file final_35.txt (compact mmCIF, N, CA and C atoms)
# COMPACT_ATOMS: atom_id res chain seq x y z
N GLN A 1 -99.41 67.32 161.13
CA GLN A 1 -98.01 67.64 160.87
C GLN A 1 -97.16 67.08 162.00
N LEU A 2 -96.10 66.36 161.65
CA LEU A 2 -95.23 65.75 162.64
C LEU A 2 -94.17 66.76 163.03
N GLN A 3 -94.15 67.16 164.29
CA GLN A 3 -93.15 68.15 164.67
C GLN A 3 -92.89 68.13 166.16
N LEU A 4 -91.72 68.69 166.50
CA LEU A 4 -91.35 68.96 167.89
C LEU A 4 -91.29 70.47 168.06
N VAL A 5 -91.81 70.94 169.16
CA VAL A 5 -91.81 72.37 169.43
C VAL A 5 -91.21 72.63 170.80
N GLU A 6 -90.12 73.40 170.83
CA GLU A 6 -89.49 73.77 172.09
C GLU A 6 -90.08 75.09 172.60
N SER A 7 -90.08 75.23 173.91
CA SER A 7 -90.50 76.49 174.53
C SER A 7 -89.79 76.63 175.87
N GLY A 8 -89.86 77.83 176.42
CA GLY A 8 -89.31 78.07 177.75
C GLY A 8 -88.01 78.84 177.78
N GLY A 9 -87.45 79.12 176.61
CA GLY A 9 -86.23 79.89 176.58
C GLY A 9 -86.46 81.34 176.97
N GLY A 10 -85.38 82.06 177.18
CA GLY A 10 -85.50 83.46 177.55
C GLY A 10 -84.18 84.00 178.05
N VAL A 11 -84.24 85.16 178.66
CA VAL A 11 -83.06 85.81 179.22
C VAL A 11 -83.09 85.64 180.73
N VAL A 12 -81.98 85.20 181.28
CA VAL A 12 -81.90 84.95 182.72
C VAL A 12 -80.52 85.38 183.22
N GLN A 13 -80.45 85.80 184.45
CA GLN A 13 -79.17 86.19 185.02
C GLN A 13 -78.37 84.95 185.44
N PRO A 14 -77.07 85.07 185.51
CA PRO A 14 -76.26 83.95 186.01
C PRO A 14 -76.75 83.50 187.39
N GLY A 15 -76.82 82.19 187.55
CA GLY A 15 -77.35 81.63 188.79
C GLY A 15 -78.84 81.35 188.75
N GLY A 16 -79.50 81.84 187.73
CA GLY A 16 -80.94 81.66 187.60
C GLY A 16 -81.31 80.31 187.02
N SER A 17 -82.62 80.13 186.83
CA SER A 17 -83.15 78.85 186.34
C SER A 17 -84.13 79.07 185.20
N LEU A 18 -84.22 78.07 184.36
CA LEU A 18 -85.23 78.00 183.31
C LEU A 18 -85.66 76.55 183.16
N ARG A 19 -86.89 76.35 182.71
CA ARG A 19 -87.33 75.01 182.36
C ARG A 19 -87.76 75.02 180.90
N LEU A 20 -87.10 74.22 180.10
CA LEU A 20 -87.45 74.08 178.70
C LEU A 20 -88.41 72.91 178.53
N SER A 21 -89.31 73.05 177.57
CA SER A 21 -90.25 71.99 177.23
C SER A 21 -90.10 71.63 175.76
N CYS A 22 -90.32 70.37 175.47
CA CYS A 22 -90.29 69.88 174.10
C CYS A 22 -91.56 69.07 173.90
N ALA A 23 -92.48 69.61 173.14
CA ALA A 23 -93.77 68.97 172.93
C ALA A 23 -93.85 68.41 171.52
N ALA A 24 -94.38 67.21 171.42
CA ALA A 24 -94.55 66.57 170.11
C ALA A 24 -95.99 66.70 169.64
N SER A 25 -96.14 66.88 168.36
CA SER A 25 -97.49 66.86 167.76
C SER A 25 -97.46 65.98 166.52
N GLY A 26 -98.54 65.25 166.32
CA GLY A 26 -98.63 64.38 165.15
C GLY A 26 -98.05 62.99 165.37
N PHE A 27 -97.39 62.78 166.51
CA PHE A 27 -96.87 61.47 166.84
C PHE A 27 -96.66 61.40 168.35
N THR A 28 -96.52 60.20 168.87
CA THR A 28 -96.32 60.05 170.31
C THR A 28 -94.85 59.77 170.60
N LEU A 29 -94.38 60.33 171.70
CA LEU A 29 -92.96 60.26 172.03
C LEU A 29 -92.56 58.98 172.76
N ASP A 30 -93.51 58.16 173.15
CA ASP A 30 -93.18 57.08 174.06
C ASP A 30 -92.34 55.96 173.45
N THR A 31 -92.09 56.01 172.15
CA THR A 31 -91.19 55.03 171.53
C THR A 31 -89.93 55.70 170.98
N TYR A 32 -89.64 56.88 171.52
CA TYR A 32 -88.49 57.63 171.06
C TYR A 32 -87.55 57.99 172.20
N ASN A 33 -86.26 57.83 171.96
CA ASN A 33 -85.26 58.46 172.83
C ASN A 33 -85.20 59.93 172.43
N ILE A 34 -85.02 60.79 173.42
CA ILE A 34 -85.04 62.23 173.18
C ILE A 34 -83.74 62.85 173.65
N GLY A 35 -83.26 63.77 172.86
CA GLY A 35 -82.06 64.50 173.25
C GLY A 35 -82.28 65.99 173.22
N TRP A 36 -81.65 66.67 174.15
CA TRP A 36 -81.55 68.13 174.12
C TRP A 36 -80.14 68.48 173.66
N PHE A 37 -80.05 69.33 172.66
CA PHE A 37 -78.79 69.77 172.11
C PHE A 37 -78.75 71.30 172.17
N ARG A 38 -77.56 71.86 172.14
CA ARG A 38 -77.47 73.31 172.11
C ARG A 38 -76.34 73.72 171.17
N GLN A 39 -76.51 74.92 170.67
CA GLN A 39 -75.49 75.50 169.82
C GLN A 39 -75.24 76.93 170.25
N ALA A 40 -74.03 77.15 170.73
CA ALA A 40 -73.64 78.49 171.15
C ALA A 40 -73.10 79.24 169.93
N PRO A 41 -73.12 80.56 169.99
CA PRO A 41 -72.61 81.34 168.87
C PRO A 41 -71.17 80.95 168.52
N GLY A 42 -70.93 80.63 167.27
CA GLY A 42 -69.59 80.31 166.82
C GLY A 42 -69.10 78.93 167.19
N LYS A 43 -69.97 78.12 167.77
CA LYS A 43 -69.57 76.78 168.19
C LYS A 43 -70.42 75.71 167.52
N GLU A 44 -69.92 74.50 167.56
CA GLU A 44 -70.68 73.39 167.02
C GLU A 44 -71.78 72.98 167.98
N ARG A 45 -72.80 72.35 167.42
CA ARG A 45 -73.87 71.83 168.25
C ARG A 45 -73.35 70.70 169.14
N GLU A 46 -73.83 70.66 170.38
CA GLU A 46 -73.39 69.62 171.31
C GLU A 46 -74.59 69.01 172.02
N GLY A 47 -74.46 67.76 172.39
CA GLY A 47 -75.49 67.10 173.17
C GLY A 47 -75.42 67.55 174.61
N VAL A 48 -76.55 67.94 175.17
CA VAL A 48 -76.61 68.43 176.54
C VAL A 48 -77.12 67.34 177.48
N SER A 49 -78.25 66.76 177.12
CA SER A 49 -78.85 65.74 177.96
C SER A 49 -79.80 64.90 177.13
N CYS A 50 -79.88 63.63 177.45
CA CYS A 50 -80.72 62.71 176.69
C CYS A 50 -81.45 61.76 177.62
N ILE A 51 -82.59 61.27 177.16
CA ILE A 51 -83.41 60.41 178.01
C ILE A 51 -84.01 59.29 177.17
N SER A 52 -84.10 58.11 177.77
CA SER A 52 -84.67 56.97 177.06
C SER A 52 -86.18 57.09 176.95
N SER A 53 -86.78 56.23 176.15
CA SER A 53 -88.21 56.31 175.90
C SER A 53 -89.03 56.15 177.17
N SER A 54 -88.56 55.32 178.08
CA SER A 54 -89.28 55.09 179.33
C SER A 54 -88.92 56.10 180.41
N GLY A 55 -87.84 56.82 180.19
CA GLY A 55 -87.34 57.74 181.21
C GLY A 55 -86.40 57.07 182.19
N GLY A 56 -86.16 55.79 182.02
CA GLY A 56 -85.35 55.07 182.98
C GLY A 56 -83.85 55.26 182.84
N SER A 57 -83.42 55.82 181.72
CA SER A 57 -81.99 56.05 181.49
C SER A 57 -81.78 57.47 181.00
N THR A 58 -80.79 58.13 181.60
CA THR A 58 -80.49 59.50 181.22
C THR A 58 -78.99 59.67 181.01
N ASN A 59 -78.64 60.73 180.32
CA ASN A 59 -77.23 61.05 180.08
C ASN A 59 -77.07 62.56 180.09
N TYR A 60 -75.94 63.01 180.65
CA TYR A 60 -75.68 64.44 180.73
C TYR A 60 -74.26 64.75 180.27
N ALA A 61 -74.11 65.88 179.62
CA ALA A 61 -72.78 66.38 179.33
C ALA A 61 -72.11 66.75 180.66
N ASP A 62 -70.80 66.58 180.73
CA ASP A 62 -70.09 66.89 181.97
C ASP A 62 -70.32 68.33 182.41
N SER A 63 -70.47 69.22 181.45
CA SER A 63 -70.60 70.64 181.77
C SER A 63 -71.91 70.99 182.46
N VAL A 64 -72.90 70.10 182.41
CA VAL A 64 -74.20 70.42 183.01
C VAL A 64 -74.59 69.47 184.14
N LYS A 65 -73.77 68.46 184.40
CA LYS A 65 -74.09 67.51 185.46
C LYS A 65 -74.25 68.22 186.79
N GLY A 66 -75.30 67.85 187.51
CA GLY A 66 -75.56 68.46 188.80
C GLY A 66 -76.33 69.77 188.71
N ARG A 67 -76.50 70.30 187.51
CA ARG A 67 -77.24 71.56 187.34
C ARG A 67 -78.50 71.37 186.51
N PHE A 68 -78.45 70.49 185.53
CA PHE A 68 -79.59 70.26 184.64
C PHE A 68 -80.22 68.91 184.96
N THR A 69 -81.54 68.84 184.77
CA THR A 69 -82.27 67.59 184.96
C THR A 69 -83.24 67.39 183.80
N ILE A 70 -83.13 66.26 183.16
CA ILE A 70 -84.04 65.93 182.07
C ILE A 70 -85.13 65.01 182.59
N SER A 71 -86.34 65.19 182.10
CA SER A 71 -87.44 64.34 182.50
C SER A 71 -88.45 64.29 181.37
N ARG A 72 -89.39 63.38 181.47
CA ARG A 72 -90.41 63.29 180.44
C ARG A 72 -91.73 62.88 181.05
N ASP A 73 -92.79 63.32 180.42
CA ASP A 73 -94.14 62.94 180.79
C ASP A 73 -94.79 62.42 179.52
N ASN A 74 -94.76 61.12 179.34
CA ASN A 74 -95.29 60.56 178.10
C ASN A 74 -96.81 60.77 177.98
N ALA A 75 -97.48 60.88 179.10
CA ALA A 75 -98.92 61.15 179.05
C ALA A 75 -99.20 62.52 178.43
N LYS A 76 -98.26 63.45 178.63
CA LYS A 76 -98.40 64.80 178.07
C LYS A 76 -97.61 64.94 176.77
N ASN A 77 -96.95 63.85 176.38
CA ASN A 77 -96.18 63.87 175.12
C ASN A 77 -95.13 64.98 175.12
N THR A 78 -94.47 65.14 176.27
CA THR A 78 -93.56 66.27 176.46
C THR A 78 -92.32 65.82 177.23
N VAL A 79 -91.18 66.41 176.85
CA VAL A 79 -89.92 66.20 177.56
C VAL A 79 -89.47 67.55 178.08
N TYR A 80 -88.87 67.54 179.26
CA TYR A 80 -88.46 68.77 179.92
C TYR A 80 -86.95 68.79 180.17
N LEU A 81 -86.43 70.00 180.27
CA LEU A 81 -85.05 70.19 180.71
C LEU A 81 -85.06 71.29 181.75
N GLN A 82 -84.88 70.91 183.00
CA GLN A 82 -84.78 71.88 184.09
C GLN A 82 -83.33 72.32 184.20
N MET A 83 -83.11 73.61 184.08
CA MET A 83 -81.75 74.15 184.08
C MET A 83 -81.60 75.09 185.27
N ASN A 84 -80.75 74.72 186.20
CA ASN A 84 -80.48 75.53 187.39
C ASN A 84 -79.04 76.02 187.38
N SER A 85 -78.77 77.01 188.22
CA SER A 85 -77.41 77.56 188.36
C SER A 85 -76.81 77.88 186.99
N LEU A 86 -77.58 78.57 186.20
CA LEU A 86 -77.16 78.84 184.82
C LEU A 86 -75.92 79.73 184.79
N LYS A 87 -75.09 79.46 183.79
CA LYS A 87 -73.85 80.20 183.60
C LYS A 87 -73.88 80.86 182.22
N SER A 88 -73.04 81.84 182.03
CA SER A 88 -73.00 82.52 180.74
C SER A 88 -72.69 81.55 179.61
N GLU A 89 -71.89 80.54 179.92
CA GLU A 89 -71.53 79.57 178.88
C GLU A 89 -72.67 78.62 178.50
N ASP A 90 -73.79 78.72 179.21
CA ASP A 90 -74.97 77.94 178.82
C ASP A 90 -75.79 78.65 177.74
N THR A 91 -75.39 79.85 177.40
CA THR A 91 -76.10 80.60 176.36
C THR A 91 -76.04 79.88 175.03
N GLY A 92 -77.18 79.85 174.34
CA GLY A 92 -77.24 79.23 173.03
C GLY A 92 -78.66 78.90 172.63
N VAL A 93 -78.80 78.36 171.45
CA VAL A 93 -80.09 77.86 170.99
C VAL A 93 -80.19 76.39 171.39
N TYR A 94 -81.27 76.07 172.06
CA TYR A 94 -81.49 74.71 172.55
C TYR A 94 -82.51 74.02 171.66
N TYR A 95 -82.15 72.84 171.20
CA TYR A 95 -83.00 72.05 170.32
C TYR A 95 -83.33 70.72 170.99
N CYS A 96 -84.53 70.23 170.75
CA CYS A 96 -84.80 68.85 171.12
C CYS A 96 -84.92 68.03 169.84
N ALA A 97 -84.60 66.76 169.98
CA ALA A 97 -84.63 65.87 168.83
C ALA A 97 -85.07 64.49 169.28
N ALA A 98 -85.68 63.75 168.39
CA ALA A 98 -86.22 62.43 168.72
C ALA A 98 -85.66 61.38 167.77
N ARG A 99 -85.39 60.22 168.36
CA ARG A 99 -84.88 59.10 167.58
C ARG A 99 -85.65 57.85 168.02
N SER A 100 -86.18 57.09 167.06
CA SER A 100 -86.85 55.84 167.41
C SER A 100 -85.91 54.97 168.24
N VAL A 101 -86.49 54.27 169.21
CA VAL A 101 -85.68 53.51 170.16
C VAL A 101 -84.73 52.56 169.45
N GLY A 102 -85.26 51.61 168.71
CA GLY A 102 -84.42 50.67 167.97
C GLY A 102 -83.26 50.18 168.82
N SER A 103 -82.08 50.14 168.24
CA SER A 103 -80.88 49.69 168.95
C SER A 103 -80.01 50.88 169.30
N THR A 104 -80.64 51.88 169.92
CA THR A 104 -79.90 53.09 170.27
C THR A 104 -79.75 53.20 171.78
N THR A 105 -78.79 53.99 172.17
CA THR A 105 -78.57 54.27 173.59
C THR A 105 -78.64 55.77 173.81
N VAL A 106 -78.96 56.18 175.01
CA VAL A 106 -79.02 57.62 175.27
C VAL A 106 -77.63 58.23 175.19
N GLN A 107 -76.62 57.45 175.54
CA GLN A 107 -75.26 57.95 175.41
C GLN A 107 -74.93 58.23 173.94
N GLY A 108 -75.35 57.32 173.09
CA GLY A 108 -75.12 57.49 171.66
C GLY A 108 -75.89 58.66 171.08
N VAL A 109 -77.12 58.86 171.57
CA VAL A 109 -77.91 60.00 171.10
C VAL A 109 -77.20 61.29 171.44
N CYS A 110 -76.76 61.43 172.67
CA CYS A 110 -76.09 62.67 173.09
C CYS A 110 -74.76 62.88 172.37
N ALA A 111 -74.11 61.77 172.03
CA ALA A 111 -72.81 61.89 171.36
C ALA A 111 -72.96 62.15 169.86
N GLY A 112 -74.19 62.16 169.38
CA GLY A 112 -74.41 62.44 167.97
C GLY A 112 -74.12 61.26 167.05
N HIS A 113 -74.23 60.03 167.60
CA HIS A 113 -73.92 58.85 166.80
C HIS A 113 -75.02 58.46 165.83
N TYR A 114 -76.21 59.03 166.01
CA TYR A 114 -77.35 58.62 165.19
C TYR A 114 -77.94 59.80 164.46
N VAL A 115 -78.56 59.51 163.33
CA VAL A 115 -79.36 60.53 162.65
C VAL A 115 -80.70 60.60 163.37
N MET A 116 -81.04 61.76 163.86
CA MET A 116 -82.28 61.93 164.60
C MET A 116 -83.45 62.04 163.63
N THR A 117 -84.58 61.47 164.04
CA THR A 117 -85.75 61.42 163.16
C THR A 117 -86.45 62.77 163.05
N TYR A 118 -86.58 63.43 164.18
CA TYR A 118 -87.25 64.73 164.21
C TYR A 118 -86.40 65.73 164.98
N TRP A 119 -86.44 66.97 164.54
CA TRP A 119 -85.80 68.08 165.22
C TRP A 119 -86.80 69.21 165.40
N GLY A 120 -86.70 69.88 166.54
CA GLY A 120 -87.45 71.11 166.71
C GLY A 120 -86.68 72.28 166.11
N LYS A 121 -87.30 73.45 166.14
CA LYS A 121 -86.66 74.64 165.56
C LYS A 121 -85.80 75.39 166.56
N GLY A 122 -85.89 75.01 167.82
CA GLY A 122 -85.02 75.59 168.82
C GLY A 122 -85.64 76.72 169.62
N THR A 123 -85.09 76.93 170.80
CA THR A 123 -85.48 78.04 171.66
C THR A 123 -84.20 78.67 172.22
N LEU A 124 -84.15 79.99 172.23
CA LEU A 124 -82.94 80.70 172.61
C LEU A 124 -82.87 80.91 174.12
N VAL A 125 -81.73 80.53 174.69
CA VAL A 125 -81.44 80.77 176.10
C VAL A 125 -80.27 81.74 176.18
N THR A 126 -80.48 82.84 176.88
CA THR A 126 -79.42 83.83 177.05
C THR A 126 -79.19 84.03 178.54
N VAL A 127 -77.97 83.75 178.97
CA VAL A 127 -77.60 83.93 180.37
C VAL A 127 -76.66 85.13 180.44
N SER A 128 -77.16 86.20 181.03
CA SER A 128 -76.39 87.44 181.03
C SER A 128 -76.84 88.32 182.18
N SER A 129 -75.86 89.03 182.74
CA SER A 129 -76.19 89.98 183.80
C SER A 129 -76.48 91.36 183.20

call {"tool": "encode", "arguments": {"input": "final_35.txt", "output": "structure tokens"}}
result
Amino acid sequence: QLQLVESGGGVVQPGGSLRLSCAASGFTLDTYNIGWFRQAPGKEREGVSCISSSGGSTNYADSVKGRFTISRDNAKNTVYLQMNSLKSEDTGVYYCAARSVGSTTVQGVCAGHYVMTYWGKGTLVTVSS
């Protein structure tokens, strides 16, 4: 079965940290650009951070720059999102998605310019005191 599975969400206090993982099964991620997206209650889904297939190019939403770091380990078929200095406004369901490299850019992936090939079911992050 071809799927992406997110993990690592949970409840954390403001200022805390979480590391999300996105693991692929049934296919290898090394030819896919990957994006992390989130959807807060009552809001539209937004691109948070994206990474190229090699890991050499990354993109971040302005709201998370300097706090979040995206990385990937193609040997483990997994992409990570390290989230530090979490704020209440980071609360939401976080999804990872994969798009074949083709003629795509990580900026375009985060901006929602492409139809993503695979989506995970999401993991909930709640930042609350």

call {"tool": "residues_around", "arguments": {"input": "final_35.txt", "residues": "segment 51-65 of chain A", "least_positions_apart": "6", "cutoff": "7 Å", "atoms": "all atoms listed in the file", "output": "PyMOL selection string"}}
result
chain A and resi 29-36+71-72+101+105-107

call {"tool": "atom_distance", "arguments": {"input": "final_35.txt", "atom1": "atom CA of Arg99 of chain A", "atom2": "atom C of Thr69 of chain A"}}
result
18.3 Å

call {"tool": "residues_around", "arguments": {"input": "final_35.txt", "residues": "Pro41 of chain A", "least_positions_apart": "4", "cutoff": "9 Å", "atoms": "only C-alpha atoms", "output": "VMD selection string"}}
result
chain A and resid 91 to 93

call {"tool": "residues_around", "arguments": {"input": "final_35.txt", "residues": "segment 77-83 of chain A", "least_positions_apart": "2", "cutoff": "9 Å", "atoms": "only C-alpha atoms", "output": "PDB file with N, CA and C atoms, keeping the file's coordinate frame"}}
result
ATOM      1  N   GLY A  16     -79.500  81.840 187.730  1.00  0.00           N
ATOM      2  CA  GLY A  16     -80.940  81.660 187.600  1.00  0.00           C
ATOM      3  C   GLY A  16     -81.310  80.310 187.020  1.00  0.00           C
ATOM      4  N   SER A  17     -82.620  80.130 186.830  1.00  0.00           N
ATOM      5  CA  SER A  17     -83.150  78.850 186.340  1.00  0.00           C
ATOM      6  C   SER A  17     -84.130  79.070 185.200  1.00  0.00           C
ATOM      7  N   LEU A  18     -84.220  78.070 184.360  1.00  0.00           N
ATOM      8  CA  LEU A  18     -85.230  78.000 183.310  1.00  0.00           C
ATOM      9  C   LEU A  18     -85.660  76.550 183.160  1.00  0.00           C
ATOM     10  N   ARG A  19     -86.890  76.350 182.710  1.00  0.00           N
ATOM     11  CA  ARG A  19     -87.330  75.010 182.360  1.00  0.00           C
ATOM     12  C   ARG A  19     -87.760  75.020 180.900  1.00  0.00           C
ATOM     13  N   LEU A  20     -87.100  74.220 180.100  1.00  0.00           N
ATOM     14  CA  LEU A  20     -87.450  74.080 178.700  1.00  0.00           C
ATOM     15  C   LEU A  20     -88.410  72.910 178.530  1.00  0.00           C
ATOM     16  N   SER A  21     -89.310  73.050 177.570  1.00  0.00           N
ATOM     17  CA  SER A  21     -90.250  71.990 177.230  1.00  0.00           C
ATOM     18  C   SER A  21     -90.100  71.630 175.760  1.00  0.00           C
ATOM     19  N   CYS A  22     -90.320  70.370 175.470  1.00  0.00           N
ATOM     20  CA  CYS A  22     -90.290  69.880 174.100  1.00  0.00           C
ATOM     21  C   CYS A  22     -91.560  69.070 173.900  1.00  0.00           C
ATOM     22  N   ALA A  23     -92.480  69.610 173.140  1.00  0.00           N
ATOM     23  CA  ALA A  23     -93.770  68.970 172.930  1.00  0.00           C
ATOM     24  C   ALA A  23     -93.850  68.410 171.520  1.00  0.00           C
ATOM     25  N   ALA A  24     -94.380  67.210 171.420  1.00  0.00           N
ATOM     26  CA  ALA A  24     -94.550  66.570 170.110  1.00  0.00           C
ATOM     27  C   ALA A  24     -95.990  66.700 169.640  1.00  0.00           C
ATOM     28  N   SER A  25     -96.140  66.880 168.360  1.00  0.00           N
ATOM     29  CA  SER A  25     -97.490  66.860 167.760  1.00  0.00           C
ATOM     30  C   SER A  25     -97.460  65.980 166.520  1.00  0.00           C
ATOM     31  N   PHE A  27     -97.390  62.780 166.510  1.00  0.00           N
ATOM     32  CA  PHE A  27     -96.870  61.470 166.840  1.00  0.00           C
ATOM     33  C   PHE A  27     -96.660  61.400 168.350  1.00  0.00           C
ATOM     34  N   THR A  28     -96.520  60.200 168.870  1.00  0.00           N
ATOM     35  CA  THR A  28     -96.320  60.050 170.310  1.00  0.00           C
ATOM     36  C   THR A  28     -94.850  59.770 170.600  1.00  0.00           C
ATOM     37  N   LEU A  29     -94.380  60.330 171.700  1.00  0.00           N
ATOM     38  CA  LEU A  29     -92.960  60.260 172.030  1.00  0.00           C
ATOM     39  C   LEU A  29     -92.560  58.980 172.760  1.00  0.00           C
ATOM     40  N   ASP A  30     -93.510  58.160 173.150  1.00  0.00           N
ATOM     41  CA  ASP A  30     -93.180  57.080 174.060  1.00  0.00           C
ATOM     42  C   ASP A  30     -92.340  55.960 173.450  1.00  0.00           C
ATOM     43  N   ILE A  34     -85.020  60.790 173.420  1.00  0.00           N
ATOM     44  CA  ILE A  34     -85.040  62.230 173.180  1.00  0.00           C
ATOM     45  C   ILE A  34     -83.740  62.850 173.650  1.00  0.00           C
ATOM     46  N   TRP A  36     -81.650  66.670 174.150  1.00  0.00           N
ATOM     47  CA  TRP A  36     -81.550  68.130 174.120  1.00  0.00           C
ATOM     48  C   TRP A  36     -80.140  68.480 173.660  1.00  0.00           C
ATOM     49  N   SER A  49     -78.250  66.760 177.120  1.00  0.00           N
ATOM     50  CA  SER A  49     -78.850  65.740 177.960  1.00  0.00           C
ATOM     51  C   SER A  49     -79.800  64.900 177.130  1.00  0.00           C
ATOM     52  N   ILE A  51     -82.590  61.270 177.160  1.00  0.00           N
ATOM     53  CA  ILE A  51     -83.410  60.410 178.010  1.00  0.00           C
ATOM     54  C   ILE A  51     -84.010  59.290 177.170  1.00  0.00           C
ATOM     55  N   VAL A  64     -72.900  70.100 182.410  1.00  0.00           N
ATOM     56  CA  VAL A  64     -74.200  70.420 183.010  1.00  0.00           C
ATOM     57  C   VAL A  64     -74.590  69.470 184.140  1.00  0.00           C
ATOM     58  N   ARG A  67     -76.500  70.300 187.510  1.00  0.00           N
ATOM     59  CA  ARG A  67     -77.240  71.560 187.340  1.00  0.00           C
ATOM     60  C   ARG A  67     -78.500  71.370 186.510  1.00  0.00           C
ATOM     61  N   PHE A  68     -78.450  70.490 185.530  1.00  0.00           N
ATOM     62  CA  PHE A  68     -79.590  70.260 184.640  1.00  0.00           C
ATOM     63  C   PHE A  68     -80.220  68.910 184.960  1.00  0.00           C
ATOM     64  N   THR A  69     -81.540  68.840 184.770  1.00  0.00           N
ATOM     65  CA  THR A  69     -82.270  67.590 184.960  1.00  0.00           C
ATOM     66  C   THR A  69     -83.240  67.390 183.800  1.00  0.00           C
ATOM     67  N   ILE A  70     -83.130  66.260 183.160  1.00  0.00           N
ATOM     68  CA  ILE A  70     -84.040  65.930 182.070  1.00  0.00           C
ATOM     69  C   ILE A  70     -85.130  65.010 182.590  1.00  0.00           C
ATOM     70  N   SER A  71     -86.340  65.190 182.100  1.00  0.00           N
ATOM     71  CA  SER A  71     -87.440  64.340 182.500  1.00  0.00           C
ATOM     72  C   SER A  71     -88.450  64.290 181.370  1.00  0.00           C
ATOM     73  N   ARG A  72     -89.390  63.380 181.470  1.00  0.00           N
ATOM     74  CA  ARG A  72     -90.410  63.290 180.440  1.00  0.00           C
ATOM     75  C   ARG A  72     -91.730  62.880 181.050  1.00  0.00           C
ATOM     76  N   ASP A  73     -92.790  63.320 180.420  1.00  0.00           N
ATOM     77  CA  ASP A  73     -94.140  62.940 180.790  1.00  0.00           C
ATOM     78  C   ASP A  73     -94.790  62.420 179.520  1.00  0.00           C
ATOM     79  N   ASN A  74     -94.760  61.120 179.340  1.00  0.00           N
ATOM     80  CA  ASN A  74     -95.290  60.560 178.100  1.00  0.00           C
ATOM     81  C   ASN A  74     -96.810  60.770 177.980  1.00  0.00           C
ATOM     82  N   ALA A  75     -97.480  60.880 179.100  1.00  0.00           N
ATOM     83  CA  ALA A  75     -98.920  61.150 179.050  1.00  0.00           C
ATOM     84  C   ALA A  75     -99.200  62.520 178.430  1.00  0.00           C
ATOM     85  N   SER A  85     -78.770  77.010 188.220  1.00  0.00           N
ATOM     86  CA  SER A  85     -77.410  77.560 188.360  1.00  0.00           C
ATOM     87  C   SER A  85     -76.810  77.880 186.990  1.00  0.00           C
ATOM     88  N   LEU A  86     -77.580  78.570 186.200  1.00  0.00           N
ATOM     89  CA  LEU A  86     -77.160  78.840 184.820  1.00  0.00           C
ATOM     90  C   LEU A  86     -75.920  79.730 184.790  1.00  0.00           C
ATOM     91  N   CYS A  96     -84.530  70.230 170.750  1.00  0.00           N
ATOM     92  CA  CYS A  96     -84.800  68.850 171.120  1.00  0.00           C
ATOM     93  C   CYS A  96     -84.920  68.030 169.840  1.00  0.00           C
TER      94      CYS A  96
END

call {"tool": "closest_residue", "arguments": {"input": "final_35.txt", "among": "A:Ala40, A:Ala98, A:Ser88, A:Gly15", "to": "Gly112 of chain A", "atoms": "only C-alpha atoms"}}
result
A:Ala98

call {"tool": "atom_distance", "arguments": {"input": "final_35.txt", "atom1": "atom N of Ser129 of chain A", "atom2": "atom N of Ala97 of chain A"}}
result
27.1 Å

call {"tool": "decode", "arguments": {"input": "final_35.txt", "residues": "segment 76-112 of chain A", "atoms": "C-alpha atoms", "output": "short mmCIF file (atom, residue, chain, number, x, y, z; two decimals), in the first residue's frame"}}
result
data_model
loop_
_atom_site.label_atom_id
_atom_site.label_comp_id
_atom_site.auth_asym_id
_atom_site.auth_seq_id
_atom_site.Cartn_x
_atom_site.Cartn_y
_atom_site.Cartn_z
CA LYS A 76 15.19 5.88 6.23
CA ASN A 77 12.55 7.02 3.73
CA THR A 78 11.50 9.71 6.19
CA VAL A 79 11.14 13.49 6.31
CA TYR A 80 11.21 15.44 9.56
CA LEU A 81 9.95 18.76 10.82
CA GLN A 82 11.69 20.03 13.94
CA MET A 83 9.48 22.65 15.57
CA ASN A 84 10.97 24.86 18.29
CA SER A 85 9.65 27.87 20.20
CA LEU A 86 6.12 26.76 19.50
CA LYS A 87 3.33 29.29 19.72
CA SER A 88 -0.40 28.88 20.19
CA GLU A 89 -0.90 29.87 16.57
CA ASP A 90 1.07 26.79 15.49
CA THR A 91 -1.83 24.64 16.67
CA GLY A 92 -3.39 22.54 13.93
CA VAL A 93 -3.32 19.30 12.02
CA TYR A 94 -0.03 18.83 10.24
CA TYR A 95 0.08 16.88 7.00
CA CYS A 96 2.95 15.78 4.83
CA ALA A 97 2.57 15.41 1.10
CA ALA A 98 4.77 14.21 -1.74
CA ARG A 99 5.08 15.37 -5.31
CA SER A 100 7.27 13.77 -7.99
CA VAL A 101 10.22 16.04 -8.74
CA GLY A 102 9.48 16.72 -12.40
CA SER A 103 9.53 20.45 -13.12
CA THR A 104 8.52 21.51 -9.63
CA THR A 105 10.09 23.80 -7.09
CA VAL A 106 9.90 23.65 -3.33
CA GLN A 107 8.53 27.18 -3.36
CA GLY A 108 5.75 26.05 -5.64
CA VAL A 109 5.01 23.01 -3.49
CA CYS A 110 4.61 25.16 -0.38
CA ALA A 111 2.50 27.69 -2.26
CA GLY A 112 0.09 24.96 -3.32
#
